[in-house]
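Participant: Dropping in protein_14.tsv, which is TSV, C-alpha atoms:
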```
chain	number	residue	atom	x	y	z
A	1	MET	CA	209.10	189.06	-102.95
A	2	ALA	CA	211.53	186.38	-104.12
A	3	ALA	CA	209.93	183.28	-105.65
A	4	PHE	CA	209.45	180.42	-103.22
A	5	ARG	CA	212.21	177.83	-103.52
A	6	LEU	CA	211.51	174.27	-102.44
A	7	ASP	CA	214.40	172.16	-101.15
A	8	GLN	CA	215.35	169.57	-103.77
A	9	SER	CA	215.07	166.52	-101.51
A	10	LEU	CA	211.65	167.64	-100.23
A	11	ALA	CA	210.59	168.03	-103.87
A	12	GLU	CA	211.90	164.60	-104.85
A	13	ASP	CA	210.51	162.70	-101.86
A	14	SER	CA	206.98	164.12	-101.92
A	15	ILE	CA	204.06	164.95	-104.19
A	16	PHE	CA	202.26	168.29	-104.49
A	17	VAL	CA	198.77	168.32	-102.95
A	18	VAL	CA	197.64	171.94	-102.61
A	19	ASP	CA	198.80	175.45	-101.74
A	20	LEU	CA	197.12	176.81	-98.62
A	21	PRO	CA	197.46	180.56	-97.90
A	22	LEU	CA	200.76	180.07	-96.03
A	23	CYS	CA	201.99	176.56	-96.76
A	24	GLN	CA	202.47	174.24	-99.66
A	25	VAL	CA	201.01	170.87	-98.68
A	26	ARG	CA	202.80	167.79	-100.04
A	27	LEU	CA	202.34	164.04	-99.56
A	28	GLU	CA	205.45	162.14	-98.46
A	29	ASN	CA	206.00	159.41	-101.03
A	30	ASP	CA	205.80	156.59	-98.49
A	31	PHE	CA	202.82	154.27	-98.78
A	32	ARG	CA	203.43	152.97	-95.23
A	33	PHE	CA	202.08	156.18	-93.68
A	34	PRO	CA	199.54	158.83	-94.73
A	35	TRP	CA	202.04	161.63	-94.14
A	36	LEU	CA	201.67	165.25	-95.17
A	37	ILE	CA	204.30	167.97	-95.14
A	38	LEU	CA	203.50	171.67	-94.84
A	39	ILE	CA	206.17	174.03	-96.15
A	40	PRO	CA	205.63	177.75	-95.49
A	41	ARG	CA	206.07	179.45	-98.87
A	42	MET	CA	208.69	181.89	-97.59
A	43	ASN	CA	212.43	181.58	-98.07
A	44	GLU	CA	215.28	181.38	-95.56
A	45	LEU	CA	213.28	179.75	-92.77
A	46	VAL	CA	214.72	177.02	-90.55
A	47	GLU	CA	213.05	177.11	-87.14
A	48	VAL	CA	209.31	177.56	-86.49
A	49	THR	CA	210.38	180.61	-84.49
A	50	ASP	CA	211.90	182.16	-87.65
A	51	LEU	CA	208.32	182.84	-88.80
A	52	PRO	CA	206.72	186.12	-87.70
A	53	VAL	CA	204.40	185.42	-84.74
A	54	GLU	CA	201.18	185.80	-86.74
A	55	ARG	CA	202.56	183.33	-89.29
A	56	GLN	CA	203.26	180.85	-86.50
A	57	HIS	CA	199.58	181.08	-85.63
A	58	GLN	CA	198.73	180.58	-89.31
A	59	LEU	CA	201.00	177.52	-89.42
A	60	ILE	CA	199.16	175.95	-86.47
A	61	ASP	CA	195.84	176.88	-88.14
A	62	GLU	CA	196.85	175.16	-91.38
A	63	SER	CA	198.26	172.23	-89.38
A	64	ARG	CA	194.82	171.93	-87.75
A	65	GLN	CA	193.05	171.98	-91.14
A	66	VAL	CA	195.37	169.31	-92.48
A	67	SER	CA	195.17	167.22	-89.28
A	68	GLU	CA	191.39	167.26	-89.36
A	69	ALA	CA	191.30	166.39	-93.06
A	70	LEU	CA	193.74	163.53	-92.57
A	71	LYS	CA	191.80	162.20	-89.58
A	72	ALA	CA	188.51	162.40	-91.47
A	73	VAL	CA	189.91	160.60	-94.50
A	74	THR	CA	191.97	157.90	-92.75
A	75	ASP	CA	190.14	157.40	-89.42
A	76	CYS	CA	193.60	157.11	-87.81
A	77	LYS	CA	194.30	156.42	-84.15
A	78	LYS	CA	196.55	159.48	-83.60
A	79	ILE	CA	197.95	162.46	-85.46
A	80	ASN	CA	201.66	163.18	-85.03
A	81	VAL	CA	202.82	166.73	-85.75
A	82	ALA	CA	206.42	167.89	-85.72
A	83	ASN	CA	209.18	170.07	-87.01
A	84	LEU	CA	212.53	168.27	-86.89
A	85	GLY	CA	214.67	169.60	-89.74
A	86	ASN	CA	217.85	167.85	-88.64
A	87	VAL	CA	218.54	166.65	-92.18
A	88	VAL	CA	216.63	169.06	-94.46
A	89	SER	CA	216.96	172.53	-93.01
A	90	GLN	CA	214.16	174.28	-94.96
A	91	LEU	CA	211.32	174.73	-92.48
A	92	HIS	CA	208.76	171.96	-92.96
A	93	TRP	CA	206.02	170.68	-90.69
A	94	HIS	CA	204.98	167.04	-90.56
A	95	VAL	CA	201.39	165.90	-90.07
A	96	VAL	CA	201.23	162.11	-89.97
A	97	ALA	CA	198.27	159.76	-89.53
A	98	ARG	CA	199.26	156.94	-87.20
A	99	PHE	CA	197.72	153.52	-86.66
A	100	GLU	CA	198.44	150.81	-84.12
A	101	SER	CA	199.00	148.53	-87.11
A	102	ASP	CA	201.50	150.79	-88.91
A	103	ALA	CA	205.14	149.92	-89.62
A	104	ALA	CA	206.60	152.15	-86.90
A	105	TRP	CA	203.94	152.20	-84.13
A	106	PRO	CA	204.33	153.38	-81.40
A	107	GLY	CA	207.70	154.83	-82.41
A	108	PRO	CA	208.19	157.86	-84.66
A	109	VAL	CA	208.02	157.58	-88.45
A	110	TRP	CA	211.25	159.54	-89.02
A	111	GLY	CA	214.20	157.28	-89.67
A	112	SER	CA	212.02	154.16	-89.51
A	113	GLY	CA	212.92	151.64	-92.23
A	114	GLU	CA	212.68	152.22	-95.97
A	115	ALA	CA	210.04	154.31	-97.71
A	116	ARG	CA	207.68	152.44	-100.06
A	117	PRO	CA	206.47	154.63	-102.92
A	118	TRP	CA	202.70	155.09	-103.16
A	119	PRO	CA	200.98	153.01	-105.84
A	120	GLN	CA	199.44	155.52	-108.23
A	121	GLY	CA	195.81	154.54	-107.63
A	122	GLU	CA	195.99	154.74	-103.84
A	123	ARG	CA	197.97	157.95	-104.03
A	124	ASP	CA	195.50	159.65	-106.35
A	125	ARG	CA	192.54	158.50	-104.25
A	126	LEU	CA	194.07	159.81	-101.02
A	127	ILE	CA	194.94	163.17	-102.57
A	128	SER	CA	191.46	163.48	-104.02
A	129	GLU	CA	189.81	162.72	-100.67
A	130	LEU	CA	192.10	165.17	-98.88
A	131	LEU	CA	191.32	167.92	-101.38
A	132	ASN	CA	187.61	167.34	-100.83
A	133	GLN	CA	188.19	168.03	-97.13
A	134	LEU	CA	190.65	170.89	-97.52
A	135	VAL	CA	189.13	172.88	-100.32
A	136	ASN	CA	185.48	172.79	-99.23
B	1	MET	CA	187.13	173.69	-63.19
B	2	ALA	CA	188.48	170.23	-62.33
B	3	ALA	CA	192.03	170.16	-60.96
B	4	PHE	CA	194.68	169.46	-63.58
B	5	ARG	CA	195.74	165.80	-63.57
B	6	LEU	CA	199.17	164.88	-64.89
B	7	ASP	CA	199.67	161.45	-66.43
B	8	GLN	CA	201.65	159.24	-64.06
B	9	SER	CA	204.38	158.27	-66.52
B	10	LEU	CA	204.89	161.90	-67.57
B	11	ALA	CA	205.21	162.77	-63.88
B	12	GLU	CA	207.68	159.98	-63.19
B	13	ASP	CA	209.88	160.54	-66.25
B	14	SER	CA	210.25	164.31	-65.94
B	15	ILE	CA	210.94	167.13	-63.49
B	16	PHE	CA	208.82	170.22	-62.87
B	17	VAL	CA	210.33	173.44	-64.26
B	18	VAL	CA	207.61	176.12	-64.28
B	19	ASP	CA	203.93	176.76	-64.94
B	20	LEU	CA	203.34	179.10	-67.89
B	21	PRO	CA	199.83	180.54	-68.36
B	22	LEU	CA	198.66	177.52	-70.38
B	23	CYS	CA	201.25	174.78	-69.97
B	24	GLN	CA	203.22	173.09	-67.26
B	25	VAL	CA	206.83	172.92	-68.41
B	26	ARG	CA	208.81	169.84	-67.37
B	27	LEU	CA	212.33	168.58	-68.09
B	28	GLU	CA	212.55	165.04	-69.46
B	29	ASN	CA	214.83	163.12	-67.11
B	30	ASP	CA	217.32	162.19	-69.85
B	31	PHE	CA	220.75	163.76	-69.59
B	32	ARG	CA	221.47	162.88	-73.24
B	33	PHE	CA	219.17	165.65	-74.50
B	34	PRO	CA	218.02	169.04	-73.16
B	35	TRP	CA	214.38	168.13	-73.66
B	36	LEU	CA	211.36	170.03	-72.35
B	37	ILE	CA	207.74	168.95	-72.31
B	38	LEU	CA	204.80	171.36	-72.30
B	39	ILE	CA	201.56	169.97	-70.94
B	40	PRO	CA	198.47	172.18	-71.31
B	41	ARG	CA	196.90	172.32	-67.85
B	42	MET	CA	193.49	171.20	-69.05
B	43	ASN	CA	192.05	167.72	-68.77
B	44	GLU	CA	190.82	165.26	-71.40
B	45	LEU	CA	193.05	166.49	-74.22
B	46	VAL	CA	194.72	164.12	-76.68
B	47	GLU	CA	195.26	165.91	-80.00
B	48	VAL	CA	196.54	169.48	-80.45
B	49	THR	CA	193.26	170.06	-82.27
B	50	ASP	CA	191.33	169.19	-79.09
B	51	LEU	CA	192.41	172.58	-77.74
B	52	PRO	CA	190.20	175.58	-78.52
B	53	VAL	CA	191.75	177.53	-81.43
B	54	GLU	CA	192.97	180.41	-79.25
B	55	ARG	CA	194.66	177.89	-76.96
B	56	GLN	CA	196.40	176.33	-79.95
B	57	HIS	CA	197.86	179.77	-80.62
B	58	GLN	CA	198.85	180.03	-76.97
B	59	LEU	CA	200.53	176.62	-77.18
B	60	ILE	CA	202.63	177.75	-80.14
B	61	ASP	CA	203.41	181.00	-78.27
B	62	GLU	CA	204.62	179.08	-75.21
B	63	SER	CA	206.48	176.66	-77.48
B	64	ARG	CA	208.25	179.70	-78.97
B	65	GLN	CA	209.16	181.03	-75.51
B	66	VAL	CA	210.53	177.67	-74.47
B	67	SER	CA	212.33	177.12	-77.80
B	68	GLU	CA	214.04	180.49	-77.55
B	69	ALA	CA	215.02	179.91	-73.92
B	70	LEU	CA	216.42	176.48	-74.72
B	71	LYS	CA	218.35	177.81	-77.72
B	72	ALA	CA	219.77	180.69	-75.67
B	73	VAL	CA	220.85	178.40	-72.85
B	74	THR	CA	222.23	175.48	-74.87
B	75	ASP	CA	223.36	177.13	-78.15
B	76	CYS	CA	221.97	174.03	-79.91
B	77	LYS	CA	222.09	173.36	-83.65
B	78	LYS	CA	218.31	172.79	-84.07
B	79	ILE	CA	215.12	172.77	-82.07
B	80	ASN	CA	212.76	169.83	-82.60
B	81	VAL	CA	209.10	170.36	-81.68
B	82	ALA	CA	206.43	167.70	-81.77
B	83	ASN	CA	203.28	166.13	-80.46
B	84	LEU	CA	203.32	162.36	-80.85
B	85	GLY	CA	201.29	160.86	-78.01
B	86	ASN	CA	201.34	157.33	-79.38
B	87	VAL	CA	202.25	155.90	-75.95
B	88	VAL	CA	201.08	158.54	-73.44
B	89	SER	CA	197.79	159.92	-74.65
B	90	GLN	CA	197.60	163.07	-72.45
B	91	LEU	CA	198.39	165.98	-74.78
B	92	HIS	CA	202.05	166.95	-74.38
B	93	TRP	CA	204.34	168.97	-76.60
B	94	HIS	CA	208.05	168.24	-76.96
B	95	VAL	CA	210.69	170.96	-77.38
B	96	VAL	CA	214.12	169.37	-77.73
B	97	ALA	CA	217.55	170.96	-78.21
B	98	ARG	CA	219.50	168.97	-80.78
B	99	PHE	CA	223.23	168.82	-81.49
B	100	GLU	CA	225.17	167.12	-84.25
B	101	SER	CA	227.07	165.37	-81.44
B	102	ASP	CA	224.01	164.06	-79.59
B	103	ALA	CA	223.13	160.39	-79.10
B	104	ALA	CA	220.36	160.29	-81.74
B	105	TRP	CA	221.42	162.87	-84.37
B	106	PRO	CA	220.08	163.26	-87.03
B	107	GLY	CA	217.29	160.84	-86.05
B	108	PRO	CA	214.48	161.64	-83.63
B	109	VAL	CA	214.96	161.39	-79.86
B	110	TRP	CA	211.79	159.38	-79.29
B	111	GLY	CA	212.47	155.69	-78.93
B	112	SER	CA	216.23	156.21	-79.23
B	113	GLY	CA	218.17	154.08	-76.74
B	114	GLU	CA	217.93	154.27	-72.96
B	115	ALA	CA	217.37	157.45	-70.96
B	116	ARG	CA	220.21	158.52	-68.65
B	117	PRO	CA	218.92	160.39	-65.60
B	118	TRP	CA	220.26	163.93	-65.15
B	119	PRO	CA	223.01	164.32	-62.56
B	120	GLN	CA	221.61	166.66	-59.92
B	121	GLY	CA	224.12	169.47	-60.44
B	122	GLU	CA	223.69	169.67	-64.21
B	123	ARG	CA	219.94	169.37	-63.89
B	124	ASP	CA	219.67	172.17	-61.35
B	125	ARG	CA	221.95	174.42	-63.38
B	126	LEU	CA	219.94	173.89	-66.59
B	127	ILE	CA	216.64	174.54	-64.85
B	128	SER	CA	218.01	177.67	-63.21
B	129	GLU	CA	219.29	179.02	-66.54
B	130	LEU	CA	215.99	178.23	-68.25
B	131	LEU	CA	214.02	179.99	-65.53
B	132	ASN	CA	216.20	183.07	-65.95
B	133	GLN	CA	215.16	183.14	-69.61
B	134	LEU	CA	211.51	182.22	-69.14
B	135	VAL	CA	210.56	184.27	-66.12
B	136	ASN	CA	212.32	187.54	-67.01
```
Is it possible to express this structure as structure tokens?
Facilitator:
Amino acid sequence: MAAFRLDQSLAEDSIFVVDLPLCQVRLENDFRFPWLILIPRMNELVEVTDLPVERQHQLIDESRQVSEALKAVTDCKKINVANLGNVVSQLHWHVVARFESDAAWPGPVWGSGEARPWPQGERDRLISELLNQLVN
Amino acid sequence: MAAFRLDQSLAEDSIFVVDLPLCQVRLENDFRFPWLILIPRMNELVEVTDLPVERQHQLIDESRQVSEALKAVTDCKKINVANLGNVVSQLHWHVVARFESDAAWPGPVWGSGEARPWPQGERDRLISELLNQLVN
């Protein structure tokens, strides 16, 4: 099987968190939102429906794991999940913790203002707390 | 089992298309985008993760059916799928056909400008073509 290739802009705009059985989980480098991205570690995928059916089920299973971890860690009001891919075509799945006080509420996070990079301490703490939820 | 109750604003802003085994499929009344909404016909759901796991798989299966029907009928560039629910809490799943020429490309459709109601002829033709894909 060909090595997994991550789109360059996804790589640059996000930070590695963990590899789940199907997806690489990354943290969007935007301190305004606790925002995770799941990228199935298979090449040449664009649409969710490009995945074999059992992998679509696995994607929703890993999305559930990540959603529950993010909710537990952030105590957010709502989880937003989506595949858009209008700009970056490589299949990636967003899981975003939303708050009534956040910079885009109640609108979507995509295309909303300018990203603010995570301060290192907050970033490391969030990733550590997420890993505690995801790996146990 | 209690009768399925549809949120009033979902009902007012969209048009019934078909009931699949899990979800009611409705067309968002916005001529700018071929935009379907899947609402699991169960009450008291907010997050995707509120569904039992096997129903989450069924949701992604019905999302696939609807995505493939919408792609076949519209020949769109990309399908966008999402659950946001920041405004209307009843669990609903968006499946939107996107085009490089559409009114929001490459941004998200949610919160983008003012909806334009479907002209009756175009609306009926789209629904008819979708039903041909979904029911056969």
Participant: Sorted by chain and rising residue number, list the residues of stretch 1-119 of chain B at most 8 Å from stretch 68-92 of chain A (counting only C-alpha atoms), each with its closest atom pair and distance in Å to one decimal, as CSV.
Facilitator:
```
residue,atom,partner,partner_atom,distance
B:Glu47,CA,A:Ile79,CA,7.0
B:Thr49,CA,A:Glu68,CA,7.8
B:Lys78,CA,A:Asn86,CA,6.7
B:Ile79,CA,A:Leu84,CA,7.1
B:Asn80,CA,A:Leu84,CA,4.6
B:Val81,CA,A:Asn83,CA,5.3
B:Ala82,CA,A:Ala82,CA,4.0
B:Asn83,CA,A:Val81,CA,5.3
B:Leu84,CA,A:Asn80,CA,4.6
B:Gly85,CA,A:Asn80,CA,7.4
B:Asn86,CA,A:Lys78,CA,6.7
B:Trp105,CA,A:Asn86,CA,7.5
B:Pro106,CA,A:Asn86,CA,5.4
B:Gly107,CA,A:Asn86,CA,7.5
B:Pro108,CA,A:Leu84,CA,7.6
```
Participant: Hey, which of B:Leu134, B:Ala103, B:Ile37, B:Val46 ends up closest to chain A? Count all atoms listed in the file.
Facilitator: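 Of all the options, B:Val46 lies closest to chain A.
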Participant: Name the residues in contact with A:Ala104 at a cut-off of 12 Å, using all atoms listed in the file, excluding same-chain residues fewer than 6 positions from it; report them as a PyMOL selection string.
Facilitator: (chain A and resi 32-33+96-98+110-115) or (chain B and resi 86+110-111)
Participant: For chain B, which residue among A:Val95, A:Leu20, A:Leu10, A:Ile39 is the nearest when counting all atoms listed in the file?
Facilitator: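 Smallest separation from chain B among the options: A:Val95.
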Participant: Quick check, in Å to one decimal: how far apart do atom CA of A:Leu27 and atom CA of A:Ser14 lie?
Facilitator: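 Going from atom CA of A:Leu27 over to atom CA of A:Ser14, I get 5.2 Å.
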Participant: Output chain B as a PDB file with C-alpha atoms, keeping the file's coordinate frame, after least-squares fitting it to chain A on all in-order C-alpha pairs.
Facilitator:
```pdb
ATOM      1  CA  MET B   1     209.137 189.083-102.971  1.00  0.00           C
ATOM      2  CA  ALA B   2     211.552 186.372-104.134  1.00  0.00           C
ATOM      3  CA  ALA B   3     209.928 183.287-105.661  1.00  0.00           C
ATOM      4  CA  PHE B   4     209.449 180.429-103.216  1.00  0.00           C
ATOM      5  CA  ARG B   5     212.211 177.824-103.534  1.00  0.00           C
ATOM      6  CA  LEU B   6     211.513 174.266-102.435  1.00  0.00           C
ATOM      7  CA  ASP B   7     214.396 172.152-101.167  1.00  0.00           C
ATOM      8  CA  GLN B   8     215.348 169.559-103.773  1.00  0.00           C
ATOM      9  CA  SER B   9     215.064 166.518-101.511  1.00  0.00           C
ATOM     10  CA  LEU B  10     211.653 167.641-100.228  1.00  0.00           C
ATOM     11  CA  ALA B  11     210.575 168.017-103.857  1.00  0.00           C
ATOM     12  CA  GLU B  12     211.889 164.605-104.852  1.00  0.00           C
ATOM     13  CA  ASP B  13     210.517 162.688-101.859  1.00  0.00           C
ATOM     14  CA  SER B  14     206.987 164.096-101.916  1.00  0.00           C
ATOM     15  CA  ILE B  15     204.061 164.941-104.186  1.00  0.00           C
ATOM     16  CA  PHE B  16     202.263 168.273-104.490  1.00  0.00           C
ATOM     17  CA  VAL B  17     198.772 168.298-102.942  1.00  0.00           C
ATOM     18  CA  VAL B  18     197.641 171.930-102.611  1.00  0.00           C
ATOM     19  CA  ASP B  19     198.788 175.440-101.746  1.00  0.00           C
ATOM     20  CA  LEU B  20     197.109 176.817 -98.614  1.00  0.00           C
ATOM     21  CA  PRO B  21     197.459 180.554 -97.889  1.00  0.00           C
ATOM     22  CA  LEU B  22     200.764 180.074 -96.040  1.00  0.00           C
ATOM     23  CA  CYS B  23     201.992 176.558 -96.758  1.00  0.00           C
ATOM     24  CA  GLN B  24     202.472 174.235 -99.665  1.00  0.00           C
ATOM     25  CA  VAL B  25     201.018 170.871 -98.690  1.00  0.00           C
ATOM     26  CA  ARG B  26     202.800 167.787-100.033  1.00  0.00           C
ATOM     27  CA  LEU B  27     202.336 164.037 -99.560  1.00  0.00           C
ATOM     28  CA  GLU B  28     205.437 162.134 -98.457  1.00  0.00           C
ATOM     29  CA  ASN B  29     205.995 159.405-101.036  1.00  0.00           C
ATOM     30  CA  ASP B  30     205.798 156.575 -98.481  1.00  0.00           C
ATOM     31  CA  PHE B  31     202.821 154.263 -98.779  1.00  0.00           C
ATOM     32  CA  ARG B  32     203.430 152.962 -95.236  1.00  0.00           C
ATOM     33  CA  PHE B  33     202.080 156.173 -93.682  1.00  0.00           C
ATOM     34  CA  PRO B  34     199.540 158.832 -94.725  1.00  0.00           C
ATOM     35  CA  TRP B  35     202.037 161.614 -94.132  1.00  0.00           C
ATOM     36  CA  LEU B  36     201.678 165.252 -95.169  1.00  0.00           C
ATOM     37  CA  ILE B  37     204.294 167.978 -95.127  1.00  0.00           C
ATOM     38  CA  LEU B  38     203.502 171.684 -94.836  1.00  0.00           C
ATOM     39  CA  ILE B  39     206.162 174.026 -96.148  1.00  0.00           C
ATOM     40  CA  PRO B  40     205.632 177.747 -95.486  1.00  0.00           C
ATOM     41  CA  ARG B  41     206.077 179.453 -98.855  1.00  0.00           C
ATOM     42  CA  MET B  42     208.686 181.884 -97.589  1.00  0.00           C
ATOM     43  CA  ASN B  43     212.424 181.600 -98.053  1.00  0.00           C
ATOM     44  CA  GLU B  44     215.285 181.385 -95.554  1.00  0.00           C
ATOM     45  CA  LEU B  45     213.293 179.762 -92.754  1.00  0.00           C
ATOM     46  CA  VAL B  46     214.738 177.026 -90.545  1.00  0.00           C
ATOM     47  CA  GLU B  47     213.046 177.122 -87.132  1.00  0.00           C
ATOM     48  CA  VAL B  48     209.309 177.578 -86.486  1.00  0.00           C
ATOM     49  CA  THR B  49     210.377 180.623 -84.487  1.00  0.00           C
ATOM     50  CA  ASP B  50     211.896 182.168 -87.633  1.00  0.00           C
ATOM     51  CA  LEU B  51     208.333 182.848 -88.784  1.00  0.00           C
ATOM     52  CA  PRO B  52     206.716 186.118 -87.695  1.00  0.00           C
ATOM     53  CA  VAL B  53     204.401 185.420 -84.725  1.00  0.00           C
ATOM     54  CA  GLU B  54     201.191 185.804 -86.745  1.00  0.00           C
ATOM     55  CA  ARG B  55     202.554 183.321 -89.281  1.00  0.00           C
ATOM     56  CA  GLN B  56     203.271 180.853 -86.489  1.00  0.00           C
ATOM     57  CA  HIS B  57     199.577 181.073 -85.640  1.00  0.00           C
ATOM     58  CA  GLN B  58     198.734 180.574 -89.302  1.00  0.00           C
ATOM     59  CA  LEU B  59     201.001 177.517 -89.410  1.00  0.00           C
ATOM     60  CA  ILE B  60     199.163 175.955 -86.472  1.00  0.00           C
ATOM     61  CA  ASP B  61     195.840 176.874 -88.138  1.00  0.00           C
ATOM     62  CA  GLU B  62     196.857 175.146 -91.377  1.00  0.00           C
ATOM     63  CA  SER B  63     198.251 172.232 -89.370  1.00  0.00           C
ATOM     64  CA  ARG B  64     194.806 171.937 -87.746  1.00  0.00           C
ATOM     65  CA  GLN B  65     193.058 171.982 -91.139  1.00  0.00           C
ATOM     66  CA  VAL B  66     195.368 169.312 -92.475  1.00  0.00           C
ATOM     67  CA  SER B  67     195.176 167.225 -89.275  1.00  0.00           C
ATOM     68  CA  GLU B  68     191.389 167.258 -89.359  1.00  0.00           C
ATOM     69  CA  ALA B  69     191.298 166.384 -93.060  1.00  0.00           C
ATOM     70  CA  LEU B  70     193.736 163.524 -92.569  1.00  0.00           C
ATOM     71  CA  LYS B  71     191.801 162.201 -89.570  1.00  0.00           C
ATOM     72  CA  ALA B  72     188.504 162.397 -91.470  1.00  0.00           C
ATOM     73  CA  VAL B  73     189.920 160.599 -94.491  1.00  0.00           C
ATOM     74  CA  THR B  74     191.967 157.901 -92.746  1.00  0.00           C
ATOM     75  CA  ASP B  75     190.127 157.413 -89.410  1.00  0.00           C
ATOM     76  CA  CYS B  76     193.592 157.111 -87.816  1.00  0.00           C
ATOM     77  CA  LYS B  77     194.294 156.432 -84.142  1.00  0.00           C
ATOM     78  CA  LYS B  78     196.551 159.498 -83.598  1.00  0.00           C
ATOM     79  CA  ILE B  79     197.944 162.464 -85.453  1.00  0.00           C
ATOM     80  CA  ASN B  80     201.658 163.184 -85.031  1.00  0.00           C
ATOM     81  CA  VAL B  81     202.825 166.740 -85.749  1.00  0.00           C
ATOM     82  CA  ALA B  82     206.414 167.894 -85.732  1.00  0.00           C
ATOM     83  CA  ASN B  83     209.195 170.070 -87.011  1.00  0.00           C
ATOM     84  CA  LEU B  84     212.540 168.292 -86.893  1.00  0.00           C
ATOM     85  CA  GLY B  85     214.679 169.616 -89.740  1.00  0.00           C
ATOM     86  CA  ASN B  86     217.849 167.867 -88.629  1.00  0.00           C
ATOM     87  CA  VAL B  87     218.553 166.655 -92.189  1.00  0.00           C
ATOM     88  CA  VAL B  88     216.637 169.074 -94.451  1.00  0.00           C
ATOM     89  CA  SER B  89     216.972 172.536 -93.002  1.00  0.00           C
ATOM     90  CA  GLN B  90     214.167 174.295 -94.961  1.00  0.00           C
ATOM     91  CA  LEU B  91     211.323 174.750 -92.467  1.00  0.00           C
ATOM     92  CA  HIS B  92     208.767 171.971 -92.957  1.00  0.00           C
ATOM     93  CA  TRP B  93     206.021 170.697 -90.701  1.00  0.00           C
ATOM     94  CA  HIS B  94     204.984 167.046 -90.557  1.00  0.00           C
ATOM     95  CA  VAL B  95     201.378 165.910 -90.061  1.00  0.00           C
ATOM     96  CA  VAL B  96     201.232 162.117 -89.976  1.00  0.00           C
ATOM     97  CA  ALA B  97     198.270 159.760 -89.535  1.00  0.00           C
ATOM     98  CA  ARG B  98     199.254 156.940 -87.202  1.00  0.00           C
ATOM     99  CA  PHE B  99     197.708 153.510 -86.669  1.00  0.00           C
ATOM    100  CA  GLU B 100     198.448 150.817 -84.125  1.00  0.00           C
ATOM    101  CA  SER B 101     199.009 148.536 -87.133  1.00  0.00           C
ATOM    102  CA  ASP B 102     201.494 150.789 -88.936  1.00  0.00           C
ATOM    103  CA  ALA B 103     205.134 149.936 -89.647  1.00  0.00           C
ATOM    104  CA  ALA B 104     206.607 152.160 -86.902  1.00  0.00           C
ATOM    105  CA  TRP B 105     203.945 152.204 -84.144  1.00  0.00           C
ATOM    106  CA  PRO B 106     204.328 153.380 -81.406  1.00  0.00           C
ATOM    107  CA  GLY B 107     207.712 154.827 -82.433  1.00  0.00           C
ATOM    108  CA  PRO B 108     208.185 157.859 -84.664  1.00  0.00           C
ATOM    109  CA  VAL B 109     208.024 157.589 -88.460  1.00  0.00           C
ATOM    110  CA  TRP B 110     211.236 159.530 -89.032  1.00  0.00           C
ATOM    111  CA  GLY B 111     214.185 157.274 -89.684  1.00  0.00           C
ATOM    112  CA  SER B 112     212.013 154.151 -89.513  1.00  0.00           C
ATOM    113  CA  GLY B 113     212.907 151.639 -92.231  1.00  0.00           C
ATOM    114  CA  GLU B 114     212.684 152.209 -95.974  1.00  0.00           C
ATOM    115  CA  ALA B 115     210.031 154.296 -97.715  1.00  0.00           C
ATOM    116  CA  ARG B 116     207.680 152.427-100.066  1.00  0.00           C
ATOM    117  CA  PRO B 117     206.479 154.641-102.915  1.00  0.00           C
ATOM    118  CA  TRP B 118     202.702 155.094-103.170  1.00  0.00           C
ATOM    119  CA  PRO B 119     200.984 153.016-105.843  1.00  0.00           C
ATOM    120  CA  GLN B 120     199.433 155.512-108.246  1.00  0.00           C
ATOM    121  CA  GLY B 121     195.811 154.524-107.637  1.00  0.00           C
ATOM    122  CA  GLU B 122     195.994 154.727-103.848  1.00  0.00           C
ATOM    123  CA  ARG B 123     197.965 157.942-104.023  1.00  0.00           C
ATOM    124  CA  ASP B 124     195.493 159.637-106.343  1.00  0.00           C
ATOM    125  CA  ARG B 125     192.539 158.491-104.259  1.00  0.00           C
ATOM    126  CA  LEU B 126     194.070 159.804-101.010  1.00  0.00           C
ATOM    127  CA  ILE B 127     194.930 163.154-102.553  1.00  0.00           C
ATOM    128  CA  SER B 128     191.452 163.479-104.024  1.00  0.00           C
ATOM    129  CA  GLU B 129     189.811 162.718-100.666  1.00  0.00           C
ATOM    130  CA  LEU B 130     192.099 165.166 -98.873  1.00  0.00           C
ATOM    131  CA  LEU B 131     191.322 167.910-101.371  1.00  0.00           C
ATOM    132  CA  ASN B 132     187.606 167.345-100.829  1.00  0.00           C
ATOM    133  CA  GLN B 133     188.180 168.038 -97.131  1.00  0.00           C
ATOM    134  CA  LEU B 134     190.649 170.893 -97.505  1.00  0.00           C
ATOM    135  CA  VAL B 135     189.133 172.885-100.326  1.00  0.00           C
ATOM    136  CA  ASN B 136     185.462 172.746 -99.283  1.00  0.00           C
TER     137      ASN B 136
END
```
Participant: Which polymer residues have any atom within 12 Å of an atom of B:Glu122, counting all atoms listed in the file, with same-chain residues fewer than 5 positions away left out, as a list in words?
Facilitator: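 My reading of the contact set: Asn29, Asp30, Phe31, Arg32, Phe33, Pro34, Pro117, Ile127, Ser128 and Glu129 of chain B.
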Participant: What separation in Å, quoted to one decimal, exists between atom CA of B:Arg125 and atom CA of B:Asp19?
Facilitator: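 A separation of 18.2 Å between them.
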Participant: Could you check which of A:Asp124, A:Asp102, A:Asp7, A:Asp61 is closest to chain B, using all atoms listed in the file?
Facilitator: A:Asp61
Participant: For chain B, which residue out of A:Gln120, A:Gln56, A:Ser101, A:Gln133 is the nearest one, using all atoms listed in the file?
Facilitator: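 Checking each candidate against chain B, we get A:Gln56 as the closest.
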Participant: By how many Å are atom CA of A:Asp13 and atom CA of A:Arg116 apart?
Facilitator: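 Rounded to one decimal, the two atoms are 10.8 Å apart.
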